[in-house]
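Asks: First the structure, which I've put down as structure tokens, then a few questions once you've had a look.
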Amino acid sequence: MNLHVPSRRAVLRTVGTTATVIGWNARTGSWAWAADTTGRPGDDVVPVPDLDGTLTTDTSQFGSYTHDFGRLVTGTVPWAVLTPGSVRDIAKMICYARANTLKLAVSGRSGTGGDLESHSCYGQAAVSGGIAVNARGMARILSTGSDSITVEAGATFAEITDHLLPQGRRLPALPDYLPLSVGGVLSVGGIGLAMGTEGLIADTVKSLVVVTGTGEVVTTSPSRRPELFRTALAGGGQVGVIVQVTLRTVLAAERATVFSLFYDNVAAFMKDSEVLLADHRFQMQGGEMVRRPDDSGWRYKIEAVTTYYGGRVPDRARLLGGLEDLRAEALIEDYTMRDYLFRVDAFEAYLKDAGHWAQPKPWLSLFLPRSSAAQFLRLAEGELTPDDLGAGMLLSYPYLTSSITAPMAVQPNDPVGYLFDLLRFPHPGTSAADIDRMVQQNRWLYDRAVAMGAKRYLVGAVPNLTSDDWRRHFGTSYKALSEAKLRFDPGNVLTPGQGFFR
């Protein structure tokens with residue numbers, strides 16, 4: 001099923017030329033070429049290892065590596081792109097990078113069509129002057145069991161979903177946007193509408209294969225090398241490169257009914273949201289801050305999803321019993337399961353056609369404690385204008401913090417958390433000054449949220465984070481992550497763009 005494995009072995013050359021890379025020149029800090037006859041005394045050329053895939057060094061081919069999905073951090077040109085043909089390639093190049101004081105980071109190459117790119121938002125996967133790993137080099141679905149699936153980390157959730165659905169199975173937790181790489185999502189945790197029942201996508205992982213920053217290939221799980229498992233999931237790529245994943249699967253219903261329920265104020269929205277979280281009458285639950293029909297301000301929407309098989313249509317009156325939404329405005333829609341899971345496809349097409357997709361995207365994602373969620377959402381109501389979202393959205397819904405078991409996905413000190421997911425898609429023509437204002441607004445919102453006990457989700461754009469900010473964010477988990485970094489990546493090779501350890 002892998003259409004992305006290179007067709008030739010050990011190609012170490014610039015595309016379109018005959019100049020072959022022979023190694024890294026430690027004296028000059030640049031690649032050494034076979035055709036270069038200008039060697040100088042003291043040159044120390046470290047040969048590039050033999051590879052099953054390709055190492056491309058023609059920077060003119062790296063356009064989609066000079067930015068990420070957020071398009072706020074640009075010009076981050078790597079010196080080479082590895083498209084691995086095997087796990088050995090990744091291990092070899094990590095060791096090569098460590099020996100030559102280079103950095104290495106994985107680019108998830110998520111997206112559709114010709115728009116493959118890292119879906120980080122603020123340079124988290126950037127590796128300027130280092131080695132970028134093209135995750136699509138290893139994107140096979142390896143095996144499917146009765147209740148699990150094993151894939152290479154470059155596979156996307158869209159590919160996995162289309163593989164499983166004909167077998168009557170699906171993943172228990174999915175991101176809203178499915179063309180994301182598995183490894184990239186797991187490195188930050190993975191949020192979605194199943195948080196209320198399943199936790200993060202990282203909480204559905206049975207085992208991983210990780211290549212550490214020392215080049216060691218390790219199979220890890222909650223009971224096998226657990227210290228690596230706990231820090232690889234939602235650890236921002238600091239301890240290793242995830243190369244293979246085994247995920248739980250569940251039975252897939254045939255259809256989904258989606259209830260969009262509207263509320264005039266945050267208190268009523270939170271009351272019903274928490275009723276639904278507690279009684280599990282719906283299989284998936286989301287929420288959103290939306291504009292009023294007359295554009296006079298903000299109101300709230302619950303998106304509640306029930307799934308079913310064949311003709312067993314759910315009892316809508318029972319599902320809506322006891323709720324205090326604006327019932328006359330409720331919208332009820334029915335989908336095939338696949339159409340619902342791929343529901344963002346049409347929105348992506350609209351954003352691309354309208355010119356929003358290629359704009360800078362100052363996203364902000366937070367986990368709020370329930371105790372201060374209403375206060376913070378009211379603050380956001382007063383701070384945000386429609387132009388601050390553009391064609392985007394602000395998602396917010398509750399979940400049980402106890403369901404988040406990945407320790408690096410640090411949580412508020414509250415039994416119930418609320419996601420705050422500000423997904424901006426600015427209008428075409430938005431000025432650079434306005435984009436910068438939104439980035440600074442993110443910092444303003446972040447600081448106030450943290451003062452209220454919130455934690456951040458490791459995507460989005462929060463400027464000027466310091467080492468003290470990161471220590472405060474990770475709290476008691478900072479020591480474990482720091483110790484794991486020293487143990488598994490002692491050369492500090494991996495994923496410098498996160499900035500955890502400055």
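For the structure tokens, the naming scheme is as follows: chains receive sequential letters (A, B, ...) according to their order of presentation, residues are indexed from 1 within each chain, and ligands are indexed from 1 in presentation order.
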Write down as a ChimeraX atom specification the residues of stretch 185-416 of chain A whose backbone DSSP state falls under alpha helix (DSSP H).

Replies: /A:185-188,195-198,226-232,266-279,316-320,337-341,344-354,370-383,386-389

Asks: Give me a file of those residues, with C-alpha atoms, as a PDB file, in the first residue's frame.

Replies:
ATOM      1  CA  VAL A 185      -0.457  13.734  15.928  1.00  0.00           C
ATOM      2  CA  LEU A 186       0.802  11.363  18.618  1.00  0.00           C
ATOM      3  CA  SER A 187       3.825  13.545  19.271  1.00  0.00           C
ATOM      4  CA  VAL A 188       1.462  16.254  20.541  1.00  0.00           C
ATOM      5  CA  MET A 195     -12.132  13.159  24.159  1.00  0.00           C
ATOM      6  CA  GLY A 196     -15.093  12.766  26.482  1.00  0.00           C
ATOM      7  CA  THR A 197     -15.044   8.974  26.187  1.00  0.00           C
ATOM      8  CA  GLU A 198     -11.567   8.048  24.938  1.00  0.00           C
ATOM      9  CA  PRO A 226       7.482   2.590  29.854  1.00  0.00           C
ATOM     10  CA  GLU A 227       9.739   5.588  30.532  1.00  0.00           C
ATOM     11  CA  LEU A 228      10.174   5.991  26.762  1.00  0.00           C
ATOM     12  CA  PHE A 229       6.497   5.309  26.007  1.00  0.00           C
ATOM     13  CA  ARG A 230       5.375   7.971  28.470  1.00  0.00           C
ATOM     14  CA  THR A 231       7.654  10.659  27.039  1.00  0.00           C
ATOM     15  CA  ALA A 232       7.348   9.817  23.322  1.00  0.00           C
ATOM     16  CA  VAL A 266     -22.015  30.179  28.290  1.00  0.00           C
ATOM     17  CA  ALA A 267     -23.682  29.068  31.530  1.00  0.00           C
ATOM     18  CA  ALA A 268     -26.513  27.239  29.765  1.00  0.00           C
ATOM     19  CA  PHE A 269     -24.055  25.779  27.261  1.00  0.00           C
ATOM     20  CA  MET A 270     -21.763  24.443  29.991  1.00  0.00           C
ATOM     21  CA  LYS A 271     -24.666  23.037  32.020  1.00  0.00           C
ATOM     22  CA  ASP A 272     -25.961  20.897  29.174  1.00  0.00           C
ATOM     23  CA  SER A 273     -22.452  20.041  27.960  1.00  0.00           C
ATOM     24  CA  GLU A 274     -21.633  18.574  31.353  1.00  0.00           C
ATOM     25  CA  VAL A 275     -24.933  16.677  31.522  1.00  0.00           C
ATOM     26  CA  LEU A 276     -24.033  14.984  28.239  1.00  0.00           C
ATOM     27  CA  LEU A 277     -20.465  14.324  29.361  1.00  0.00           C
ATOM     28  CA  ALA A 278     -21.716  12.630  32.530  1.00  0.00           C
ATOM     29  CA  ASP A 279     -24.456  10.413  31.109  1.00  0.00           C
ATOM     30  CA  ARG A 316     -34.243  11.651  19.052  1.00  0.00           C
ATOM     31  CA  ALA A 317     -36.705  12.751  21.698  1.00  0.00           C
ATOM     32  CA  ARG A 318     -35.004  10.605  24.319  1.00  0.00           C
ATOM     33  CA  LEU A 319     -31.559  11.850  23.356  1.00  0.00           C
ATOM     34  CA  LEU A 320     -32.680  15.473  23.691  1.00  0.00           C
ATOM     35  CA  MET A 337     -20.232   7.043   9.013  1.00  0.00           C
ATOM     36  CA  ARG A 338     -17.583   7.719   6.389  1.00  0.00           C
ATOM     37  CA  ASP A 339     -19.199  11.003   5.336  1.00  0.00           C
ATOM     38  CA  TYR A 340     -19.255  12.152   8.939  1.00  0.00           C
ATOM     39  CA  LEU A 341     -15.673  11.161   9.687  1.00  0.00           C
ATOM     40  CA  VAL A 344     -13.893  18.500   7.131  1.00  0.00           C
ATOM     41  CA  ASP A 345     -13.007  17.678   3.502  1.00  0.00           C
ATOM     42  CA  ALA A 346     -15.614  20.059   2.097  1.00  0.00           C
ATOM     43  CA  PHE A 347     -14.512  22.812   4.488  1.00  0.00           C
ATOM     44  CA  GLU A 348     -10.893  22.340   3.398  1.00  0.00           C
ATOM     45  CA  ALA A 349     -11.947  22.659  -0.250  1.00  0.00           C
ATOM     46  CA  TYR A 350     -13.835  25.879   0.543  1.00  0.00           C
ATOM     47  CA  LEU A 351     -10.878  27.364   2.438  1.00  0.00           C
ATOM     48  CA  LYS A 352      -8.538  26.608  -0.446  1.00  0.00           C
ATOM     49  CA  ASP A 353     -10.914  27.973  -3.088  1.00  0.00           C
ATOM     50  CA  ALA A 354     -11.532  31.152  -1.076  1.00  0.00           C
ATOM     51  CA  ARG A 370     -13.809  23.735  34.523  1.00  0.00           C
ATOM     52  CA  SER A 371     -13.633  26.056  37.546  1.00  0.00           C
ATOM     53  CA  SER A 372     -12.518  29.010  35.392  1.00  0.00           C
ATOM     54  CA  ALA A 373     -13.786  27.975  31.943  1.00  0.00           C
ATOM     55  CA  ALA A 374     -16.866  30.230  32.014  1.00  0.00           C
ATOM     56  CA  GLN A 375     -14.774  33.209  33.112  1.00  0.00           C
ATOM     57  CA  PHE A 376     -12.230  32.624  30.370  1.00  0.00           C
ATOM     58  CA  LEU A 377     -14.847  32.061  27.653  1.00  0.00           C
ATOM     59  CA  ARG A 378     -16.571  35.319  28.625  1.00  0.00           C
ATOM     60  CA  LEU A 379     -13.181  37.032  28.413  1.00  0.00           C
ATOM     61  CA  ALA A 380     -12.741  35.572  24.905  1.00  0.00           C
ATOM     62  CA  GLU A 381     -16.207  36.793  23.922  1.00  0.00           C
ATOM     63  CA  GLY A 382     -15.180  40.339  24.750  1.00  0.00           C
ATOM     64  CA  GLU A 383     -11.731  40.088  23.181  1.00  0.00           C
ATOM     65  CA  PRO A 386     -15.328  37.973  13.714  1.00  0.00           C
ATOM     66  CA  ASP A 387     -12.249  39.164  11.830  1.00  0.00           C
ATOM     67  CA  ASP A 388     -10.050  37.555  14.487  1.00  0.00           C
ATOM     68  CA  LEU A 389     -11.423  34.197  13.339  1.00  0.00           C
TER      69      LEU A 389
END

Asks: Sorted by chain and rising residue number, which residues of stretch 361-394 of chain A lie within 8 Å of stretch 58-81 of chain A, and what are their closest atom pairs and distances in Å to one decimal, counting only C-alpha atoms, as CSV?

Replies:
residue,atom,partner,partner_atom,distance
A:Lys361,CA,A:Gly70,CA,4.7
A:Pro362,CA,A:Gly70,CA,6.7
A:Trp363,CA,A:Gly70,CA,7.7

Asks: Write down as a PDB file with C-alpha atoms, in the first residue's frame the residues belonging to stretch 423-501 of chain A that are assigned strand (DSSP E) by DSSP computed on the backbone.

Replies:
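File produced: out-v8.pdb:
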ATOM      1  CA  LEU A 423      -8.536  27.880  14.861  1.00  0.00           C
ATOM      2  CA  LYS A 455      -2.412  24.274  30.279  1.00  0.00           C
ATOM      3  CA  ARG A 456      -1.634  24.522  26.586  1.00  0.00           C
ATOM      4  CA  TYR A 457      -1.906  21.913  23.857  1.00  0.00           C
ATOM      5  CA  LEU A 458       1.374  21.696  21.946  1.00  0.00           C
ATOM      6  CA  VAL A 459       0.218  23.279  18.712  1.00  0.00           C
ATOM      7  CA  GLY A 460      -0.522  26.870  17.920  1.00  0.00           C
TER       8      GLY A 460
END

Asks: May I ask which of the residues A:Ser118, A:Ser30, A:Ser403, A:Ser482 is the closest one to A:Gly130, counting only C-alpha atoms?

Replies: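 Using only C-alpha atoms, the shortest distance to A:Gly130 belongs to A:Ser30.
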
Asks: Can you tell me which residues surround A:Ile191 at a distance of at most 7 Å, considering only C-alpha atoms, apart from same-chain residues fewer than 4 positions away, and format the answer as a PDB file with C-alpha atoms, in the first residue's frame?

Replies:
ATOM      1  CA  PRO A 175      -8.689  14.176  14.777  1.00  0.00           C
ATOM      2  CA  MET A 195     -12.132  13.159  24.159  1.00  0.00           C
ATOM      3  CA  LEU A 200      -6.562  11.896  23.515  1.00  0.00           C
ATOM      4  CA  ILE A 201      -5.639   9.810  20.481  1.00  0.00           C
TER       5      ILE A 201
END

Asks: Under the rule that only C-alpha atoms are counted, which of A:Val205, A:Ala358, A:Ala328, A:Ala449 is the nearest residue to A:Glu117?

Replies: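 Using only C-alpha atoms, the shortest distance to A:Glu117 belongs to A:Ala358.
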